[in-house]
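Report on one structure; see the data block that follows.
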Amino acid sequence: YQIKQLAENAHMASGGHSSPEPSPPVVRPDPTRTPGGQPEPSSPVDPVPTVPPGGRPASSNPFAVGVFYVNPSYSESLNKSISSAEGSVKTTLESMRGVPSAYWLDKKSKIFGSGSKSMEGILADAAAKATPELVTFIVYDLPNRDCHAKASNG
């Protein structure tokens, strides 16, 4: 039911409702000019960025270059919902099958194992791809955190 509701909400957001007006672009001052508009005096600058031992410049985004992992167990869950869905909800669910998603680690039993419903299994599967894929996990229910379930009260 939750997956169907998610698909219905996604469909409504993309079709039937107007989106808010885009925000005006943020104008940032040109760092090469003084507040009065004059060019900054020349200073010695190293034009070549320093690359750390890992081979990637410190300012690069590691998420921009990788392929994110699509968990087969999530696709399986979607297939169960697709089988009983209709119309635009079914179409939206079908389009979600190839979309990467985070895997929730909310109990210890999801850490160890070899299938797509365990952290170890997911990591092994992602690493075995021709190009290893980036996996996203959400660690939930940590001890001494959210002790009164205020974050999950709805």
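Following the order of the structure tokens, chains are lettered A, B, ..., residues in each are numbered from 1, and ligands are numbered from 1.
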
Notebook entry, point to check: Can you list, as a list in words, every protein, DNA or RNA residue that comes within 12 Å of Gly115 (chain A) when you count only C-alpha atoms, leaving out same-chain residues fewer than 3 positions away?
Noted result: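 Contacts, with the query itself left out: Asn71, Pro72, Ser73, Ser109, Lys110, Ile111, Phe112, Ser118, Met119, Glu120, Gly121, Ile122, Leu123, Ala124, Asp125 and Ala126 of chain A.
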
Could you make a table, as JSON lines, of the residues of region 104-134 of chain A that have an atom within 8 Å of an atom of region 63-68 of chain A, each with its nearest atom pair and distance in Å to one decimal, counting only C-alpha atoms, in chain and number order?
{"residue": "A:Pro132", "atom": "CA", "partner": "A:Val67", "partner_atom": "CA", "distance": 7.8}
{"residue": "A:Glu133", "atom": "CA", "partner": "A:Val67", "partner_atom": "CA", "distance": 5.1}
{"residue": "A:Leu134", "atom": "CA", "partner": "A:Phe68", "partner_atom": "CA", "distance": 4.6}
